[in-house]
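Visitor: One structure, as structure tokens, below. Some questions next.
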There are 2 protein chains.
Amino acid sequence: MQTNFTIDCVIYSFHLGKLQVLLTERNEYPYKDWWALPGFFVDKEEEMEEAVERILYELTGLKGIYMEQLGAFAGVKRHPQGRILTVAYSTIVKYDEVESKIKPMTSYMRQAKWFAVDSLPDLAFDHREIIQKSLQKLKSTLYYSTIPYELLPEKFTLSQLQQVYEAILGKTLDKRNFRKKIVNAGYLRELSEVQKGVSYRAARLYKFDKRKFFKTTGVE
Amino acid sequence: MQTNFTIDCVIYSFHLGKLQVLLTERNEYPYKDWWALPGFFVDKEEEMEEAVERILYELTGLKGIYMEQLGAFAGVKRHPQGRILTVAYSTIVKYDEVESKIKPMTSYMRQAKWFAVDSLPDLAFDHREIIQKSLQKLKSTLYYSTIPYELLPEKFTLSQLQQVYEAILGKTLDKRNFRKKIVNAGYLRELSEVQKGVSYRAARLYKFDKRKFFKTTGVE
DNA sequence: TCAAAAGTGTTCGCATTACACCCATGC
DNA sequence: GCATGGGTGTAATGCGAACACTTTTGA
């Protein structure tokens with residue numbers, strides 16, 4: 001049995017040097033044929049976190065991912081068929097682990113697709129506003145969060161890490177300062193391995209050390 | 001006509017050197033006779049911000065006060081009579097402007113009373129958790145917000161300002177460093193007036209300059 | 001040998017921290 | 001004259017910002 005409020009998920013990943021958001025194409029009124037954030041009514045006995053996890057799983061096959069509440073959106077006019085409150089959550093997934101598994105959840109939506117955050121289509125409801133707010137929060141907490149590492153493969157180069165930061169912040173960063181800051185923070189483990197298959201000097205690989213991160217930041 | 005979600009308000013003020021929260025004593029089940037955050041069902045055609053403003057007005061006679069959404073709380077078991085979602089907001093009021101006007105809103109609650117945040121009674125629902133989260137947010141945004149000035153009279157001394165910071169952060173601050181930082185920030189206007197009616201050296205009075213604050217922080 | 005990206009230090013200014021004494025006033 | 005809070009400066013340290021060249025590698 002359903003409640004009368006929904007959750008909407010802002011699901012991010014990183015691909016082709018850009019921050020991407022997963023959108024679904026609606027197959028039902030209202031906003032039939034529009035792109036929208038994946039979202040659903042929450043069940044009566046279902047915790048909201050479970051609902052996000054369910055949607056994420058049905059859409060991407062992934063479980064147990066970091067997720068965070070953004071807030072409630074309940075504008076009187078946000079939904080053309082009467083007032084419906086939605087609670088927005090955001091989560092982060094690795095593009096490579098997900099790409100092949102993306103599938104629409106139900107017949108309510110026709111397809112699911114990644115869009116770069118800097119070139120979104122028109123969106124249903126107030127979903128553009130939700131994404132805007134989510135991005136704002138993402139930017140402001142970036143340096144104290146594990147998010148960049150959720151977006152990268154286990155082993156990564158410092159340049160890749162910098163690209164993630166630049167994609168999210170929407171601006172370029174100084175290479176030397178960035179490296180100094182990140183390496184100084186002390187939660188990267190330098191590997192003896194280097195990149196393979198590139199036609200230029202191979203970069204050193206690093207791993208993120210969660211333990212040290214939590215020890216030094218105390219966050220989460 | 002009512003929706004089936006509520007808003008709960010965390011209403012702060014500052015008195016006797018302590019940060020205070022306004023609580024109401026419930027006169028209805030569930031949680032009859034318990035203290036709780038002032039809250040209500042939102043009307044069908046009412047924006048949430050309007051609802052907070054309404055509650056604030058009915059309880060304190062104040063209008064047009066800064067308020068902010070904290071988030072949605074919808075734990076399946078938070079309400080004994082079935083799942084009810086609540087959206088928490090926080091606002092700040094000046095104790096002196098409000099003190100005499102405090103009154104219960106409806107027969108749903110018997111009385112309203114200020115409690116210091118460091119000595120709260122047992123609370124209904126998940127209201128302790130809501131206050132906890134609200135306080136956390138308050139602390140982390142304190143230095144970039146106008147909140148301390150919302151809590152003080154128009155003209156105040158630097159010591160009073162420091163007391164507000166200390167009460168909210170729950171720790172003591174170094175007087176010289178605090179003054180340097182605040183004065184350097186550049187949005188206080190030093191008046192030629194001093195305190196009156198104290199039995200020791202009268203302190204200089206200051207005013208908060210909102211214009212300069214927004215110019216230098218860009219926030220809000 | 002060329003193209004592409006990797007990798008690397010220093011300087012400057014500013015903010016934060018720690019720390020202790022004299023001053024002005026009312027009673 | 002004494003109790004009470006008001007008011008003040010300096011040194012050490014750390015962080016962020018600006019800035020350009022050499023090295024390595026594969027093709």
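By order of appearance in the structure tokens: chains A, B, ..., then residues from 1 within every chain, and ligands from 1 in the order shown.
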Within 7 Å of stretch 18-27 of chain C, counting only C-alpha atoms (C1' of nucleotides), which residues qualify if same-chain residues fewer than 2 places away don't, as a list in words?

Guide: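 Listed by chain and then number, they are Ser199, Tyr200 and Arg201 of chain B.
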
Visitor: Save the residues we just selected, C-alpha atoms, as a short mmCIF file (atom, residue, chain, number, x, y, z; two decimals), in the first residue's frame?

Guide:
```
data_model
loop_
_atom_site.label_atom_id
_atom_site.label_comp_id
_atom_site.auth_asym_id
_atom_site.auth_seq_id
_atom_site.Cartn_x
_atom_site.Cartn_y
_atom_site.Cartn_z
CA SER B 199 28.08 48.95 37.29
CA TYR B 200 31.38 48.62 35.50
CA ARG B 201 33.04 50.15 32.50
#
```

Visitor: Do me a favour and pick out the residues of chain A within 12 Å of chain C, using only C-alpha atoms (C1' of nucleotides), as a PyMOL selection string.

Guide: chain A and resi 157-160+175-177+179-180+194-195+198-205

Visitor: Write out the residues from the selection above, keeping C-alpha atoms, as a JSON list (two decimals), in the first residue's frame.

Guide:
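Output contents, as saved in selection.json:
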```
[["chain", "number", "residue", "atom", "x", "y", "z"],
["A", 157, "THR", "CA", 45.55, 8.87, -11.30],
["A", 158, "LEU", "CA", 45.72, 12.29, -9.75],
["A", 159, "SER", "CA", 44.72, 13.83, -13.06],
["A", 160, "GLN", "CA", 41.57, 11.75, -13.14],
["A", 175, "LYS", "CA", 47.51, 21.21, -10.97],
["A", 176, "ARG", "CA", 50.28, 21.82, -8.45],
["A", 177, "ASN", "CA", 48.05, 23.26, -5.79],
["A", 179, "ARG", "CA", 48.11, 17.79, -5.84],
["A", 180, "LYS", "CA", 49.70, 19.44, -2.85],
["A", 194, "VAL", "CA", 51.28, 3.02, -13.20],
["A", 195, "GLN", "CA", 48.66, 3.51, -15.90],
["A", 198, "VAL", "CA", 48.28, 5.30, -22.88],
["A", 199, "SER", "CA", 50.39, 6.77, -25.65],
["A", 200, "TYR", "CA", 52.24, 9.17, -23.40],
["A", 201, "ARG", "CA", 54.01, 9.04, -20.10],
["A", 202, "ALA", "CA", 52.07, 6.74, -17.79],
["A", 203, "ALA", "CA", 50.79, 8.31, -14.58],
["A", 204, "ARG", "CA", 51.16, 6.85, -11.12],
["A", 205, "LEU", "CA", 48.09, 5.14, -9.67]]
```

Visitor: Can you list, as a list in words, every residue of stretch 56-133 of chain A that DSSP puts in alpha helix (DSSP H)?

Guide: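 Taking stretch 56-133 of chain A and keeping alpha helix (DSSP H) gives Leu56, Tyr57, Glu58, Leu59, Thr60, Tyr95, Asp96, Glu97, Val98, His127, Arg128, Glu129, Ile130, Ile131, Gln132 and Lys133 of chain A.
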
Visitor: Residues of chain A within 9 Å of chain B, counting only C-alpha atoms, what are they? List them as a compact mmCIF listing (two decimals) with N, CA, C and O atoms, in the first residue's frame.

Guide:
```
# COMPACT_ATOMS: atom_id res chain seq x y z
N THR A 3 1.88 5.37 0.36
CA THR A 3 1.66 6.66 0.99
C THR A 3 1.33 7.63 -0.13
O THR A 3 1.29 7.27 -1.29
N ASN A 4 1.13 8.89 0.22
CA ASN A 4 0.91 9.85 -0.87
C ASN A 4 2.07 10.82 -0.99
O ASN A 4 1.88 11.97 -1.35
N PHE A 5 3.24 10.35 -0.65
CA PHE A 5 4.41 11.17 -0.99
C PHE A 5 5.42 10.33 -1.73
O PHE A 5 5.40 9.10 -1.67
N LYS A 44 3.77 2.28 2.41
CA LYS A 44 3.36 2.56 3.78
C LYS A 44 4.39 2.07 4.81
O LYS A 44 4.64 2.73 5.81
N GLU A 45 4.94 0.92 4.57
CA GLU A 45 5.83 0.34 5.57
C GLU A 45 7.30 0.43 5.17
O GLU A 45 8.13 -0.32 5.65
N GLU A 46 7.57 1.35 4.27
CA GLU A 46 8.91 1.41 3.72
C GLU A 46 9.64 2.66 4.20
O GLU A 46 9.11 3.77 4.08
N GLU A 47 10.83 2.48 4.75
CA GLU A 47 11.62 3.66 5.12
C GLU A 47 12.04 4.37 3.84
O GLU A 47 12.24 3.73 2.80
N MET A 48 12.23 5.66 3.91
CA MET A 48 12.58 6.41 2.70
C MET A 48 13.92 5.95 2.12
O MET A 48 14.08 5.85 0.91
N GLN A 69 19.89 12.71 2.06
CA GLN A 69 18.67 13.48 1.83
C GLN A 69 19.00 14.93 1.51
O GLN A 69 19.85 15.53 2.14
N LEU A 70 18.31 15.44 0.50
CA LEU A 70 18.51 16.82 0.10
C LEU A 70 17.46 17.72 0.75
O LEU A 70 17.74 18.84 1.14
N GLY A 71 16.24 17.24 0.84
CA GLY A 71 15.19 18.04 1.44
C GLY A 71 13.83 17.68 0.85
O GLY A 71 13.74 16.84 -0.05
N ALA A 72 12.80 18.36 1.35
CA ALA A 72 11.44 18.11 0.88
C ALA A 72 11.04 19.23 -0.07
O ALA A 72 11.37 20.39 0.15
N ALA A 74 7.57 20.68 -1.80
CA ALA A 74 6.12 20.49 -1.68
C ALA A 74 5.35 21.70 -2.17
O ALA A 74 4.27 21.98 -1.69
N GLY A 75 5.89 22.41 -3.11
CA GLY A 75 5.20 23.56 -3.66
C GLY A 75 3.77 23.18 -4.04
O GLY A 75 3.55 22.10 -4.58
N VAL A 76 2.82 24.04 -3.75
CA VAL A 76 1.41 23.73 -4.01
C VAL A 76 1.20 23.40 -5.48
O VAL A 76 0.41 22.53 -5.83
N LYS A 77 1.95 24.10 -6.35
CA LYS A 77 1.70 23.91 -7.77
C LYS A 77 2.71 23.04 -8.49
O LYS A 77 2.75 23.01 -9.71
N GLY A 82 -2.71 18.01 -8.20
CA GLY A 82 -2.87 18.14 -6.75
C GLY A 82 -1.52 18.08 -6.09
O GLY A 82 -0.53 17.65 -6.67
N ARG A 83 -1.51 18.52 -4.88
CA ARG A 83 -0.25 18.70 -4.20
C ARG A 83 0.36 17.37 -3.77
O ARG A 83 -0.24 16.60 -3.03
N LEU A 85 3.93 15.87 -2.14
CA LEU A 85 5.22 16.19 -1.56
C LEU A 85 6.26 15.17 -2.03
O LEU A 85 5.97 13.98 -2.13
N VAL A 87 10.41 13.91 -1.44
CA VAL A 87 11.65 14.05 -0.71
C VAL A 87 12.78 13.65 -1.65
O VAL A 87 12.74 12.57 -2.24
```

Visitor: For chain D, report every residue with an atom at most 8 Å from chain A (counting only C-alpha atoms (C1' of nucleotides)), formatted as an mmCIF file with N, CA and C atoms (P, O5', C5', C4', C3', O3' and C1' of nucleotides), in the first residue's frame.

Guide:
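Below you can see part27.cif, which holds the result:
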```
data_model
loop_
_atom_site.group_PDB
_atom_site.id
_atom_site.type_symbol
_atom_site.label_atom_id
_atom_site.label_comp_id
_atom_site.auth_asym_id
_atom_site.auth_seq_id
_atom_site.Cartn_x
_atom_site.Cartn_y
_atom_site.Cartn_z
ATOM 1 P P DT D 24 63.003 11.373 -16.547
ATOM 2 O "O5'" DT D 24 61.824 10.622 -17.293
ATOM 3 C "C5'" DT D 24 60.646 10.330 -16.568
ATOM 4 C "C4'" DT D 24 59.589 9.944 -17.564
ATOM 5 C "C3'" DT D 24 59.979 8.788 -18.480
ATOM 6 O "O3'" DT D 24 59.182 7.692 -18.059
ATOM 7 C "C1'" DT D 24 58.812 10.518 -19.640
ATOM 8 P P DT D 25 59.472 6.201 -18.517
ATOM 9 O "O5'" DT D 25 58.568 6.070 -19.819
ATOM 10 C "C5'" DT D 25 57.165 6.312 -19.686
ATOM 11 C "C4'" DT D 25 56.578 6.523 -21.048
ATOM 12 C "C3'" DT D 25 57.047 5.548 -22.103
ATOM 13 O "O3'" DT D 25 56.081 4.506 -22.166
ATOM 14 C "C1'" DT D 25 56.693 7.772 -22.940
ATOM 15 P P DG D 26 56.195 3.270 -23.136
ATOM 16 O "O5'" DG D 26 55.294 3.756 -24.366
ATOM 17 C "C5'" DG D 26 54.072 4.429 -24.101
ATOM 18 C "C4'" DG D 26 53.433 4.816 -25.417
ATOM 19 C "C3'" DG D 26 53.590 3.776 -26.523
ATOM 20 O "O3'" DG D 26 52.345 3.716 -27.216
ATOM 21 C "C1'" DG D 26 54.652 5.826 -27.173
ATOM 22 P P DA D 27 52.172 2.909 -28.531
ATOM 23 O "O5'" DA D 27 52.367 4.033 -29.635
ATOM 24 C "C5'" DA D 27 51.497 5.173 -29.633
ATOM 25 C "C4'" DA D 27 51.768 5.981 -30.886
ATOM 26 C "C3'" DA D 27 51.934 5.130 -32.150
ATOM 27 O "O3'" DA D 27 51.176 5.677 -33.212
ATOM 28 C "C1'" DA D 27 53.863 6.464 -31.828
#
```

Visitor: Between A:Lys196, A:Lys113, A:Lys210, A:Lys63, single out the one closest to A:Glu25, counting only C-alpha atoms.

Guide: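 Checking each candidate against A:Glu25, we get A:Lys113 as the closest.
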